[in-house]
Amino acid sequence: MNAGDHMVNHSRFQLSPLVNDNEEIVGLQLSILGLIFILLLDQRNHERYEFLAGAKYRPGRISIVHPQAVHWLTMSWEDDQAHDSLTLQFVKSLPPIVG
């Protein structure tokens, strides 16, 4: 996800393969409650994977800011690098989807 993107918190768990031109799996896209993670086994190529152009690479913390609480998911990477934080900001509640 990129800065300014909107997401919808839903109860689905989605797992999708990313494939190259030879139909070989080179990564996985995982969506948990609307938050998308990518495990890329291929080199980061912004031309091939345009949706990764502004994505956070290995965030150190994900903060979920809701009017009533703030939740954190803190991650540790063994690479001696500084890692940026990612913040999800609550915007509004949506009516339930019927059907």
# chains A, B, ... in the order shown; residues from 1 in each chain; ligands from 1
call {"tool": "select_by_dssp", "arguments": {"residues": "chain A", "states": "strand (DSSP E or B)", "output": "PyMOL selection string"}}
result
chain A and resi 13-19+25-32+35-40+61-66+69-74+85-89
call {"tool": "closest_residue", "arguments": {"among": "A:Val70, A:Leu88, A:Val98, A:Val65", "to": "Ile36 of chain A", "atoms": "only C-alpha atoms"}}
result
A:Leu88
call {"tool": "residues_around", "arguments": {"residues": "segment 89-96 of chain A", "least_positions_apart": "3", "cutoff": "8 Å", "atoms": "only C-alpha atoms", "output": "VMD selection string"}}
result
chain A and resid 64 to 67
call {"tool": "write_last_selection", "arguments": {"atoms": "C-alpha atoms", "output": "PDB file, in the first residue's frame"}}
result
ATOM      1  CA  ILE A  64      -3.312   1.337  13.651  1.00  0.00           C
ATOM      2  CA  VAL A  65      -4.898   4.563  14.866  1.00  0.00           C
ATOM      3  CA  HIS A  66      -8.589   4.380  15.781  1.00  0.00           C
ATOM      4  CA  PRO A  67     -10.541   7.067  17.657  1.00  0.00           C
TER       5      PRO A  67
END
call {"tool": "atom_distance", "arguments": {"atom1": "atom CA of Ile97 of chain A", "atom2": "atom CA of Phe13 of chain A"}}
result
16.8 Å
call {"tool": "atom_distance", "arguments": {"atom1": "atom CA of Val19 of chain A", "atom2": "atom CA of Asp42 of chain A"}}
result
9.6 Å
call {"tool": "decode", "arguments": {"residues": "chain A", "atoms": "C-alpha atoms", "output": "mmCIF file, in the first residue's frame"}}
result
data_model
loop_
_atom_site.group_PDB
_atom_site.id
_atom_site.type_symbol
_atom_site.label_atom_id
_atom_site.label_comp_id
_atom_site.auth_asym_id
_atom_site.auth_seq_id
_atom_site.Cartn_x
_atom_site.Cartn_y
_atom_site.Cartn_z
ATOM 1 C CA MET A 1 0.000 0.000 0.000
ATOM 2 C CA ASN A 2 1.150 3.511 -0.701
ATOM 3 C CA ALA A 3 0.667 6.746 1.278
ATOM 4 C CA GLY A 4 -2.880 8.008 0.835
ATOM 5 C CA ASP A 5 -4.331 4.638 -0.218
ATOM 6 C CA HIS A 6 -7.661 3.661 1.316
ATOM 7 C CA MET A 7 -8.435 0.172 2.583
ATOM 8 C CA VAL A 8 -11.534 -1.533 3.906
ATOM 9 C CA ASN A 9 -11.257 -3.677 7.020
ATOM 10 C CA HIS A 10 -13.000 -6.935 6.160
ATOM 11 C CA SER A 11 -13.002 -10.422 7.653
ATOM 12 C CA ARG A 12 -11.543 -12.149 4.608
ATOM 13 C CA PHE A 13 -8.119 -13.725 4.356
ATOM 14 C CA GLN A 14 -6.782 -13.594 0.797
ATOM 15 C CA LEU A 15 -3.652 -15.211 -0.636
ATOM 16 C CA SER A 16 -2.700 -14.586 -4.281
ATOM 17 C CA PRO A 17 0.371 -15.723 -6.218
ATOM 18 C CA LEU A 18 2.534 -13.280 -8.193
ATOM 19 C CA VAL A 19 3.879 -14.873 -11.376
ATOM 20 C CA ASN A 20 6.487 -13.952 -13.971
ATOM 21 C CA ASP A 21 6.215 -14.206 -17.775
ATOM 22 C CA ASN A 22 6.884 -17.966 -17.564
ATOM 23 C CA GLU A 23 3.984 -18.422 -15.093
ATOM 24 C CA GLU A 24 6.458 -19.262 -12.305
ATOM 25 C CA ILE A 25 5.495 -18.108 -8.827
ATOM 26 C CA VAL A 26 7.846 -15.294 -7.790
ATOM 27 C CA GLY A 27 5.912 -13.974 -4.817
ATOM 28 C CA LEU A 28 2.760 -13.998 -2.733
ATOM 29 C CA GLN A 29 0.311 -11.251 -1.889
ATOM 30 C CA LEU A 30 -1.405 -11.700 1.463
ATOM 31 C CA SER A 31 -4.352 -9.639 2.668
ATOM 32 C CA ILE A 32 -5.337 -9.892 6.320
ATOM 33 C CA LEU A 33 -8.321 -7.754 7.331
ATOM 34 C CA GLY A 34 -7.603 -5.493 4.347
ATOM 35 C CA LEU A 35 -3.913 -4.933 5.168
ATOM 36 C CA ILE A 36 -1.759 -6.164 2.276
ATOM 37 C CA PHE A 37 1.656 -7.804 2.645
ATOM 38 C CA ILE A 38 3.864 -8.921 -0.249
ATOM 39 C CA LEU A 39 6.497 -11.648 -0.042
ATOM 40 C CA LEU A 40 8.568 -11.142 -3.166
ATOM 41 C CA LEU A 41 11.045 -13.856 -4.166
ATOM 42 C CA ASP A 42 12.016 -11.923 -7.300
ATOM 43 C CA GLN A 43 14.129 -8.746 -7.363
ATOM 44 C CA ARG A 44 12.170 -5.591 -6.572
ATOM 45 C CA ASN A 45 11.331 -4.337 -10.055
ATOM 46 C CA HIS A 46 9.052 -1.255 -10.049
ATOM 47 C CA GLU A 47 8.483 -1.567 -13.776
ATOM 48 C CA ARG A 48 7.099 -5.102 -13.443
ATOM 49 C CA TYR A 49 5.417 -4.523 -10.061
ATOM 50 C CA GLU A 50 4.071 -0.963 -10.370
ATOM 51 C CA PHE A 51 1.996 -1.345 -7.200
ATOM 52 C CA LEU A 52 5.255 -1.548 -5.186
ATOM 53 C CA ALA A 53 6.590 1.849 -6.344
ATOM 54 C CA GLY A 54 5.796 3.690 -3.087
ATOM 55 C CA ALA A 55 5.393 0.698 -0.793
ATOM 56 C CA LYS A 56 7.130 0.468 2.578
ATOM 57 C CA TYR A 57 9.946 -2.066 2.546
ATOM 58 C CA ARG A 58 10.239 -3.941 5.833
ATOM 59 C CA PRO A 59 8.450 -1.476 8.119
ATOM 60 C CA GLY A 60 9.686 -1.477 11.698
ATOM 61 C CA ARG A 61 6.253 -0.763 13.126
ATOM 62 C CA ILE A 62 2.679 -0.681 11.907
ATOM 63 C CA SER A 63 0.462 1.657 13.935
ATOM 64 C CA ILE A 64 -3.312 1.337 13.651
ATOM 65 C CA VAL A 65 -4.898 4.563 14.866
ATOM 66 C CA HIS A 66 -8.589 4.380 15.781
ATOM 67 C CA PRO A 67 -10.541 7.067 17.657
ATOM 68 C CA GLN A 68 -10.763 4.844 20.745
ATOM 69 C CA ALA A 69 -7.335 3.183 20.703
ATOM 70 C CA VAL A 70 -3.946 2.894 19.058
ATOM 71 C CA HIS A 71 -2.534 -0.563 18.296
ATOM 72 C CA TRP A 72 1.025 -1.373 17.245
ATOM 73 C CA LEU A 73 2.603 -4.269 15.464
ATOM 74 C CA THR A 74 6.365 -4.028 15.919
ATOM 75 C CA MET A 75 8.713 -6.067 13.744
ATOM 76 C CA SER A 76 12.410 -6.783 13.996
ATOM 77 C CA TRP A 77 14.662 -7.338 10.994
ATOM 78 C CA GLU A 78 18.181 -8.729 11.329
ATOM 79 C CA ASP A 79 19.816 -6.455 8.763
ATOM 80 C CA ASP A 80 21.276 -3.558 10.806
ATOM 81 C CA GLN A 81 19.159 -1.030 8.838
ATOM 82 C CA ALA A 82 16.732 1.653 10.024
ATOM 83 C CA HIS A 83 13.112 0.834 9.198
ATOM 84 C CA ASP A 84 10.302 3.357 8.749
ATOM 85 C CA SER A 85 6.921 3.126 10.434
ATOM 86 C CA LEU A 86 3.624 2.638 8.658
ATOM 87 C CA THR A 87 0.466 4.257 10.056
ATOM 88 C CA LEU A 88 -3.108 3.269 9.287
ATOM 89 C CA GLN A 89 -5.533 6.036 10.217
ATOM 90 C CA PHE A 90 -9.248 5.333 10.803
ATOM 91 C CA VAL A 91 -11.354 7.531 8.492
ATOM 92 C CA LYS A 92 -14.980 6.439 8.878
ATOM 93 C CA SER A 93 -17.278 3.495 9.454
ATOM 94 C CA LEU A 94 -19.086 2.069 6.456
ATOM 95 C CA PRO A 95 -22.548 0.495 6.480
ATOM 96 C CA PRO A 96 -22.487 -3.316 6.590
ATOM 97 C CA ILE A 97 -22.511 -5.109 3.256
ATOM 98 C CA VAL A 98 -25.651 -7.203 2.828
ATOM 99 C CA GLY A 99 -25.625 -10.191 0.518
#
